[in-house]
Structures are given as C-alpha cells and as structure tokens.
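Colleague: One file is attached below, input_13.cif, containing mmCIF, C-alpha atoms.
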```
data_work
loop_
_atom_site.label_atom_id
_atom_site.label_comp_id
_atom_site.auth_asym_id
_atom_site.auth_seq_id
_atom_site.Cartn_x
_atom_site.Cartn_y
_atom_site.Cartn_z
CA MET A 580 -18.28 0.67 -1.72
CA SER A 581 -15.24 1.23 -3.93
CA LEU A 582 -15.18 4.96 -3.14
CA VAL A 583 -15.63 6.91 0.08
CA GLU A 584 -15.92 10.67 0.38
CA THR A 585 -13.72 12.97 2.43
CA VAL A 586 -16.59 13.86 4.78
CA TRP A 587 -17.17 10.17 5.52
CA LEU A 588 -13.50 9.51 6.22
CA GLU A 589 -13.23 12.52 8.50
CA LYS A 590 -16.09 11.14 10.60
CA ASN A 591 -14.93 7.53 10.55
CA SER A 592 -11.14 7.79 10.62
CA ASP A 593 -10.92 5.94 13.95
CA LYS A 594 -12.84 2.95 12.54
CA VAL A 595 -10.68 2.23 9.49
CA LYS A 596 -7.08 1.66 8.48
CA ILE A 597 -5.90 4.51 6.25
CA ILE A 598 -3.16 4.08 3.64
CA ASP A 599 -1.25 6.76 1.75
CA CYS A 600 -0.26 5.18 -1.57
CA SER A 601 1.10 8.26 -3.30
CA TRP A 602 3.41 7.50 -6.22
CA HIS A 603 4.92 9.71 -8.93
CA LEU A 604 6.66 9.10 -12.22
CA PRO A 605 10.45 9.47 -11.84
CA SER A 606 10.36 12.33 -14.37
CA THR A 607 8.42 14.51 -11.90
CA LYS A 608 11.31 14.35 -9.41
CA ARG A 609 8.81 14.23 -6.55
CA ASN A 610 9.43 12.11 -3.48
CA SER A 611 6.15 10.69 -2.23
CA HIS A 612 7.59 9.53 1.11
CA GLU A 613 8.99 13.00 1.84
CA GLU A 614 5.61 14.50 0.95
CA TYR A 615 3.95 12.05 3.35
CA ASN A 616 6.36 13.05 6.13
CA ASN A 617 5.57 16.71 5.52
CA GLY A 618 1.83 16.21 5.96
CA HIS A 619 -0.68 13.40 5.64
CA VAL A 620 -4.19 12.41 6.70
CA PRO A 621 -4.15 11.60 10.44
CA ASN A 622 -3.40 7.91 11.16
CA ALA A 623 -2.42 7.21 7.54
CA ILE A 624 0.27 4.56 6.94
CA PHE A 625 2.63 5.06 4.02
CA PHE A 626 2.64 2.38 1.31
CA ASP A 627 5.66 2.39 -1.00
CA LEU A 628 4.38 1.18 -4.38
CA ASP A 629 7.89 0.51 -5.70
CA LYS A 630 9.36 -1.24 -2.66
CA ASN A 631 6.19 -3.27 -2.08
CA SER A 632 6.34 -4.86 -5.52
CA ASN A 633 8.27 -7.77 -6.98
CA GLN A 634 11.93 -6.73 -6.75
CA ASN A 635 13.19 -9.78 -8.63
CA ILE A 636 11.97 -8.74 -12.07
CA ASP A 637 12.86 -5.80 -14.30
CA LEU A 638 9.25 -4.67 -14.72
CA PRO A 639 7.73 -1.94 -12.52
CA HIS A 640 5.05 -2.49 -9.86
CA MET A 641 4.55 -6.19 -10.52
CA LEU A 642 2.66 -8.02 -7.78
CA PRO A 643 4.87 -9.46 -5.03
CA ASP A 644 4.55 -13.09 -4.03
CA LYS A 645 2.06 -14.13 -1.37
CA ASN A 646 4.62 -14.42 1.44
CA LYS A 647 6.02 -10.96 0.81
CA TRP A 648 2.53 -9.45 0.69
CA GLU A 649 1.65 -11.03 4.01
CA LYS A 650 4.78 -9.55 5.59
CA ILE A 651 4.08 -6.11 4.07
CA VAL A 652 0.50 -5.94 5.31
CA SER A 653 1.31 -7.47 8.69
CA SER A 654 3.97 -4.78 9.21
CA MET A 655 1.23 -2.21 8.59
CA GLY A 656 -0.88 -3.71 11.39
CA ILE A 657 -3.77 -4.61 9.09
CA SER A 658 -5.98 -7.68 9.53
CA LEU A 659 -8.39 -9.38 7.14
CA GLU A 660 -11.35 -7.93 9.04
CA ASP A 661 -10.20 -4.32 8.73
CA LYS A 662 -11.97 -1.74 6.63
CA ILE A 663 -9.26 -0.03 4.53
CA VAL A 664 -9.36 3.41 2.91
CA ILE A 665 -6.57 4.27 0.48
CA TYR A 666 -5.67 7.70 -0.84
CA ASP A 667 -2.88 9.32 -2.83
CA ASN A 668 -1.36 12.65 -3.74
CA SER A 669 -0.68 11.64 -7.34
CA ASP A 670 -1.98 12.75 -10.71
CA LEU A 671 -1.93 9.05 -11.63
CA ILE A 672 -4.50 8.14 -8.94
CA SER A 673 -2.07 5.49 -7.67
CA SER A 674 -4.36 4.59 -4.75
CA CYS A 675 -6.36 2.45 -7.19
CA ARG A 676 -3.37 0.17 -7.72
CA CYS A 677 -3.14 -0.51 -3.98
CA TRP A 678 -6.93 -1.13 -3.96
CA TYR A 679 -6.43 -3.75 -6.68
CA ASN A 680 -3.52 -5.37 -4.83
CA PHE A 681 -5.61 -5.92 -1.71
CA ILE A 682 -8.46 -7.45 -3.71
CA TYR A 683 -6.04 -9.70 -5.62
CA PHE A 684 -4.65 -11.00 -2.33
CA GLY A 685 -8.07 -11.87 -0.97
CA HIS A 686 -9.22 -8.90 1.08
CA ASN A 687 -13.01 -8.56 0.95
CA PRO A 688 -13.69 -6.00 -1.84
CA LYS A 689 -16.44 -4.51 0.33
CA LEU A 690 -13.78 -3.64 2.91
CA VAL A 691 -11.38 -1.85 0.53
CA SER A 692 -12.12 1.68 -0.69
CA VAL A 693 -10.36 4.59 -2.34
CA LEU A 694 -10.78 8.12 -1.00
CA ASN A 695 -12.53 10.04 -3.75
CA GLY A 696 -10.34 13.00 -4.66
CA GLY A 697 -7.48 11.82 -2.48
CA LEU A 698 -5.21 14.29 -0.71
CA LYS A 699 -5.92 16.96 -3.32
CA LYS A 700 -9.58 17.22 -2.32
CA TRP A 701 -8.71 16.80 1.38
CA LYS A 702 -6.43 19.84 1.13
CA LEU A 703 -8.91 21.86 -0.92
CA GLU A 704 -11.40 21.37 1.91
CA LYS A 705 -8.75 22.46 4.43
CA LYS A 706 -9.08 19.28 6.46
CA ILE A 707 -6.50 18.39 9.10
CA LEU A 708 -3.04 17.17 8.11
CA THR A 709 -0.39 15.84 10.46
CA LYS A 710 3.30 14.94 10.50
CA ASN A 711 2.76 12.46 13.33
CA LEU A 712 3.40 8.82 12.45
CA PRO A 713 0.74 6.30 13.51
CA LYS A 714 1.48 3.72 16.16
CA ILE A 715 1.37 0.29 14.55
CA LYS A 716 0.74 -3.05 16.23
CA ILE A 717 2.09 -5.81 14.01
CA SER A 718 -0.62 -8.20 12.80
CA ASN A 719 -0.59 -11.67 11.24
CA TYR A 720 -2.14 -11.10 7.83
CA ILE A 721 -3.07 -14.21 5.82
CA ALA A 722 -3.53 -13.67 2.09
CA VAL A 723 -5.44 -15.77 -0.42
CA GLU A 724 -4.36 -15.11 -4.00
CA LYS A 725 -7.06 -14.62 -6.63
CA LYS A 726 -4.86 -15.62 -9.54
CA GLU A 727 -7.70 -15.27 -12.02
CA LEU A 728 -7.56 -11.48 -11.51
CA VAL A 729 -4.19 -11.07 -13.25
CA LYS A 730 -3.26 -11.83 -16.85
CA ASN A 731 0.19 -12.65 -18.19
CA LYS A 732 1.69 -12.01 -21.61
CA SER A 733 0.85 -15.47 -22.95
CA GLU A 734 -2.82 -14.98 -22.12
CA ILE A 735 -2.75 -11.54 -23.77
CA ASP A 736 -1.19 -13.03 -26.92
CA GLU A 737 -3.77 -15.83 -27.08
CA ASN A 738 -6.60 -13.35 -26.59
CA ILE A 739 -5.63 -11.40 -29.72
CA PHE A 740 -6.96 -14.34 -31.74
CA ASN A 741 -9.55 -16.05 -29.53
CA LYS A 742 -11.00 -12.87 -27.93
CA THR A 743 -12.13 -14.42 -24.64
CA PHE A 744 -12.00 -11.00 -22.96
CA ASP A 745 -11.90 -7.33 -23.93
CA LEU A 746 -8.61 -5.56 -23.25
CA VAL A 747 -8.80 -1.84 -22.46
CA ASP A 748 -5.70 0.37 -22.29
CA ALA A 749 -5.63 3.37 -19.91
CA ARG A 750 -2.79 5.21 -21.67
CA SER A 751 -3.28 8.39 -23.68
CA LYS A 752 -4.50 8.20 -27.28
CA GLY A 753 -1.12 9.49 -28.49
CA ARG A 754 0.81 6.70 -26.80
CA PHE A 755 -1.76 4.06 -27.72
CA GLU A 756 -1.72 5.06 -31.39
CA GLY A 757 2.07 5.30 -31.45
CA HIS A 758 2.26 9.05 -32.11
CA ASP A 759 3.82 9.95 -28.75
CA PRO A 760 6.96 8.34 -27.28
CA GLU A 761 6.82 6.12 -24.22
CA PRO A 762 8.24 7.57 -20.97
CA ARG A 763 10.27 4.42 -20.28
CA LYS A 764 13.49 3.61 -22.06
CA ASN A 765 13.67 0.50 -24.24
CA THR A 766 9.91 0.59 -24.86
CA LYS A 767 8.49 0.91 -28.36
CA SER A 768 5.43 2.95 -29.30
CA GLY A 769 2.05 1.47 -30.11
CA SER A 770 -0.49 -0.87 -28.54
CA ILE A 771 -1.61 -4.48 -28.23
CA PRO A 772 -3.58 -5.65 -31.29
CA ASN A 773 -7.39 -5.67 -30.91
CA SER A 774 -7.27 -3.68 -27.66
CA PHE A 775 -9.33 -0.58 -26.92
CA CYS A 776 -8.10 2.78 -25.61
CA LEU A 777 -9.79 4.68 -22.80
CA PRO A 778 -7.39 7.21 -21.23
CA TYR A 779 -7.92 7.15 -17.48
CA LYS A 780 -7.96 10.96 -17.33
CA TYR A 781 -11.31 10.93 -19.15
CA LEU A 782 -12.85 9.57 -15.95
CA ILE A 783 -11.33 12.05 -13.50
CA ASN A 784 -12.39 15.60 -12.63
CA ASN A 785 -9.22 17.65 -12.99
CA GLU A 786 -10.16 20.29 -10.42
CA ASP A 787 -10.21 17.91 -7.43
CA ASN A 788 -9.15 14.44 -8.70
CA THR A 789 -12.56 12.95 -7.99
CA PHE A 790 -14.15 10.35 -10.24
CA LYS A 791 -16.88 11.56 -12.54
CA ASN A 792 -20.41 10.49 -11.63
CA THR A 793 -21.74 7.12 -12.77
CA LYS A 794 -23.84 8.54 -15.62
CA GLU A 795 -20.76 10.24 -17.04
CA ILE A 796 -18.65 7.10 -16.59
CA ILE A 797 -21.23 4.98 -18.42
CA LYS A 798 -21.28 7.49 -21.27
CA ILE A 799 -17.47 7.58 -21.50
CA PHE A 800 -17.19 3.78 -21.56
CA ASN A 801 -19.93 3.51 -24.20
CA GLU A 802 -18.26 6.13 -26.39
CA ASN A 803 -14.81 4.55 -26.22
CA VAL A 804 -15.24 0.84 -25.60
CA GLU A 805 -18.89 -0.31 -25.82
CA LEU A 806 -18.50 -3.08 -23.25
CA ASN A 807 -22.24 -3.49 -22.57
CA PHE A 808 -21.58 -4.29 -18.92
CA GLU A 809 -19.59 -7.44 -19.56
CA THR A 810 -17.52 -8.95 -16.77
CA ASN A 811 -14.79 -10.48 -18.96
CA VAL A 812 -12.85 -7.22 -19.18
CA VAL A 813 -9.13 -6.78 -18.54
CA PHE A 814 -7.40 -3.44 -18.11
CA SER A 815 -3.88 -2.47 -19.10
CA CYS A 816 -1.73 0.69 -19.17
CA GLY A 817 1.95 1.61 -19.10
CA SER A 818 3.01 -0.22 -15.95
CA GLY A 819 -0.12 -1.49 -14.20
CA VAL A 820 -0.98 1.62 -12.17
CA THR A 821 -3.60 3.54 -14.16
CA ALA A 822 -5.12 0.27 -15.40
CA ALA A 823 -6.47 0.01 -11.86
CA VAL A 824 -8.13 3.44 -12.24
CA LEU A 825 -10.21 2.04 -15.10
CA ALA A 826 -10.91 -1.13 -13.11
CA LEU A 827 -12.24 0.86 -10.17
CA ALA A 828 -14.31 3.13 -12.44
CA TYR A 829 -15.81 0.10 -14.16
CA SER A 830 -16.69 -1.43 -10.78
CA LEU A 831 -18.72 1.71 -10.05
CA ILE A 832 -21.03 1.02 -12.99
CA ASN A 833 -20.96 -2.79 -12.97
CA ASN A 834 -21.37 -4.26 -9.50
CA LYS A 835 -20.66 -7.77 -10.79
CA TYR A 836 -17.20 -6.82 -12.00
CA VAL A 837 -14.10 -7.94 -10.12
CA PRO A 838 -10.92 -6.10 -11.22
CA SER A 839 -8.71 -7.93 -13.69
CA ILE A 840 -5.41 -6.44 -14.90
CA TYR A 841 -2.61 -7.32 -17.29
CA ASP A 842 0.11 -6.82 -14.70
CA GLY A 843 3.03 -6.44 -17.09
CA SER A 844 1.09 -3.96 -19.23
CA TRP A 845 2.91 -2.07 -22.00
CA ALA A 846 6.17 -2.03 -20.01
CA GLU A 847 6.32 -5.74 -20.73
CA TYR A 848 4.45 -6.03 -24.02
CA GLY A 849 6.17 -3.10 -25.69
CA LYS A 850 9.64 -3.87 -24.37
CA ILE A 851 12.35 -3.68 -27.02
CA LYS A 852 14.29 -6.93 -26.98
#
```
I need this file expressed as structure tokens, please.
Modeller:
Amino acid sequence: MSLVETVWLEKNSDKVKIIDCSWHLPSTKRNSHEEYNNGHVPNAIFFDLDKNSNQNIDLPHMLPDKNKWEKIVSSMGISLEDKIVIYDNSDLISSCRCWYNFIYFGHNPKLVSVLNGGLKKWKLEKKILTKNLPKIKISNYIAVEKKELVKNKSEIDENIFNKTFDLVDARSKGRFEGHDPEPRKNTKSGSIPNSFCLPYKYLINNEDNTFKNTKEIIKIFNENVELNFETNVVFSCGSGVTAAVLALAYSLINNKYVPSIYDGSWAEYGKIK
C-alpha cells in the first residue's frame, strides 16, 4: 500500500507514525520547518531532508550511512514494526524521497506509505492542523541496507553500453533535452545517454497533488518509456528527490517492483568539473 488517502489517515492517525517531509528548492525561499511549525497534521514529526542526508559530500540529498540513519529514525521514536505515513507540502512531492529512504534501509515496504495529495489535499478538505509538537519516546531503530536499490555513477556509465536496466529521468523535457538551464550552479545541460524522460509532473494531478489513477499512469509510462512492466528499472532526476516520485508511481502499476534510484542523479552526472 504505497499510498493512503486523507480519509484513511484521519481515521487511523493514532495507529501510525506520521512524518512531514516537506522540502522546497532554495529558489522558492520557503522554509519547510517554519511552515511545519505554523501548522501540520496532528502527531506529525518533521523530517529535514537536507540535514538527514550525507553531509560529507557536495551532492544534495545523498543517502546517509547506516549508523546515521539509525540515529535519525531512533530520535523520531520509530521502530521497525511501525506503520509509517509520510506527507509533504511541496510541489516536488518530496515525501516520496523519504518513502524510498525507509525502504532502502530495510523498513518493510508494506509498512511505508505516502499520503496521497499531501498537505495540499488535507488543507483543501479543511482537516485539522495543529502547532503542537508530538511527544517522542526515543527508540532503538536497527536498519538493514538494501544496497542493490541504489546505483552509482560507475554503474550508470557501464549501463550506457551494456543496458542491464532502463534509466528513466524525472526532470522536465526542456532540461532533459538541454534546452533549459539547470537550477544548480556548475551543472551542465543535457541528459545521460540512452536514458528516457518522463517528467514527474505528468503523473500528478495539479489541483490537489494526488497521483493520477493507475490506468492513467500505465498510459503515461507506455507513451513515454514503454517499460512493459519490467523490474530492472532505475529512476533519476536532478538531485534524487523526484526520481522517487516516478519510483512510487511505478510501484502502483507493478507490484513486483522495488524502488531503485541513481542517488547522485544529474547533480552528479552533469557536474561541470
């Protein structure tokens, strides 16, 4: 159950751990933590996507090491047995990246879900918001890395020639084709050879940030990628965030798929040296 609906969460909020993983591009000048403090879903814990990443590398949002992840999740009071629901207040659907992180570090995929429509839909339905911070009892979270779910640059380079997996890029067509500039400095325009482009926004309903239904998602994938329900698919984007949106969408139409992402994405591959 990769997605849960707002009605379900409202009824089951006391049975799950709720995470607010809102994140915004620096250019928006929005502060996701301040927004959380000004109103969030009751009992939601804030997850800082930047701080909870690898701070020892000059690439954004890279996965932290196992020990750091265990400390992060333990400080949130989450155990391996907990059902987790993640939402965001971001146009980038950043909750999907947190969903991927938990699966990568061994949380049962059946116990990790994204709130369909996130805070945008929650607000549209005039559901309760609070400024109260949840009381957290520190846990002892034990992670198990699924290293096969992340690709590095060497594997991406090798795949250009041996094609052991399909690589799908979530960036816009303009950025993928090199017509539009990249938002990050020192990053060239263009895309990884032999990769496909499926902009993540194709899969999202603009009016409430929900995912399109499965029939529409199948149609969109077939029109842009033609994957034929393969499982050897890897997703990429600008910095590893919206790649997870495609991964979650694909899991909705292929129940055998486990999310696999090129973590460095174009921030690494397109970096000007």
Colleague: I'd like the contact shell of A:Asp644 - 9 Å cut-off, only C-alpha atoms, skipping same-chain residues fewer than 4 positions apart - returned as a list in words.
Modeller: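 Once the adjacent positions are removed, what remains is Ser632, Asn633, Trp648 and Glu649 of chain A.
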Colleague: Please dump the current selection as a compact mmCIF listing (two decimals), in the frame of the given file; keep C-alpha atoms.
Modeller:
```
# COMPACT_ATOMS: atom_id res chain seq x y z
CA SER A 632 6.34 -4.86 -5.52
CA ASN A 633 8.27 -7.77 -6.98
CA TRP A 648 2.53 -9.45 0.69
CA GLU A 649 1.65 -11.03 4.01
```
Colleague: I want to know what sits within 6 Å of stretch 684-693 of chain A, based on all atoms listed in the file, with residues of the same chain fewer than 6 positions away left out; could you give that as an mmCIF file with C-alpha atoms, in the coordinates of the input?
Modeller:
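Listing of around.cif after writing:
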```
data_model
loop_
_atom_site.group_PDB
_atom_site.id
_atom_site.type_symbol
_atom_site.label_atom_id
_atom_site.label_comp_id
_atom_site.auth_asym_id
_atom_site.auth_seq_id
_atom_site.Cartn_x
_atom_site.Cartn_y
_atom_site.Cartn_z
ATOM 1 C CA MET A 580 -18.280 0.670 -1.720
ATOM 2 C CA SER A 581 -15.240 1.230 -3.930
ATOM 3 C CA LEU A 582 -15.180 4.960 -3.140
ATOM 4 C CA LYS A 662 -11.970 -1.740 6.630
ATOM 5 C CA ILE A 663 -9.260 -0.030 4.530
ATOM 6 C CA VAL A 664 -9.360 3.410 2.910
ATOM 7 C CA ILE A 665 -6.570 4.270 0.480
ATOM 8 C CA TYR A 666 -5.670 7.700 -0.840
ATOM 9 C CA ALA A 722 -3.530 -13.670 2.090
ATOM 10 C CA VAL A 723 -5.440 -15.770 -0.420
ATOM 11 C CA GLU A 724 -4.360 -15.110 -4.000
#
```
Colleague: Can you tell me which residues surround A:Lys850 at a distance of at most 9 Å, considering all atoms listed in the file, apart from same-chain residues fewer than 6 positions away, and format the answer as an MDAnalysis selection string?
Modeller: chainID A and resid 764:767
Colleague: For the structure provided, state which residues fall under the PyMOL selection byres ((chain A and resi 771) around 12), and present them as an NGL selection string.
Modeller: :A and (732 or 735-740 or 745-748 or 750 or 754-757 or 767-770 or 772-776 or 814-817 or 841 or 844-850)
Colleague: Which is closest to A:Lys725 among A:Ile657, A:Cys675, A:Leu642, A:Ile598, if we use only C-alpha atoms?
Modeller: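 That would be A:Leu642, the residue with the smallest distance to A:Lys725.
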Colleague: Using all atoms listed in the file and a cutoff of 12 Å, can you tell me which residues are near (-2.5, 11.1, 8.5) in the file's coordinates, and write them out as a PyMOL selection string?
Modeller: chain A and resi 588-589+592-593+596-600+614-625+664-667+698+701+706-714
Colleague: So what do you get for atom CA of A:Asn807 versus atom CA of A:Ser673, distance-wise?
Modeller: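 Distance between the two atoms: 26.6 Å.
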Colleague: Report as a list in words the full result of the PyMOL selection byres ((chain A and resi 779) around 8) when it is applied to this structure.
Modeller: Ala749, Arg750, Ser751, Leu777, Pro778, Lys780, Tyr781, Leu782, Ile783, Thr821, Ala822, Val824 and Leu825 of chain A
Colleague: Name every residue that the PyMOL selection byres ((chain A and resi 791) around 12) selects in this structure, writing the answer as a PyMOL selection string with chains first and numbers rising.
Modeller: chain A and resi 582+695-696+779-790+792-800+824-825+827-829+831-832
Colleague: Have a look at atom CA of A:Phe681 and atom CA of A:Asn801 and let me know their distance in Å, one decimal.
Modeller: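 Distance reported for this atom pair: 28.3 Å.
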Colleague: If we draw a sphere of 6 Å around (-1.2, -2.9, 10.3), which residues have at least one atom in it when counting only C-alpha atoms? Please report them as a PyMOL selection string.
Modeller: chain A and resi 653-657+715+717-718
Colleague: What's the separation between atom CA of A:Lys835 and atom CA of A:Lys726, in Å to one decimal place?
Modeller: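 The value is 17.7 Å.
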Colleague: Using all atoms listed in the file, find the one residue out of A:Ser830, A:Ser611, A:Ser818, A:Ser839 that sits nearest to A:Pro639.
Modeller: A:Ser818
Colleague: Ranking A:Leu694, A:Leu638, A:Ser674, A:Lys702 by minimum distance to A:Val583 and counting only C-alpha atoms, which one comes first?
Modeller: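 Checking each candidate against A:Val583, we get A:Leu694 as the closest.
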Colleague: Under the rule that all atoms listed in the file are counted, which of A:Cys677, A:Leu659, A:Val812, A:Ile672 is the nearest residue to A:Asn719?
Modeller: A:Leu659
Colleague: Between A:Asn646, A:Glu613, A:Thr585, A:Val813, which one has atoms that come closest to A:Glu734, using only C-alpha atoms?
Modeller: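 Nearest to A:Glu734: A:Val813.
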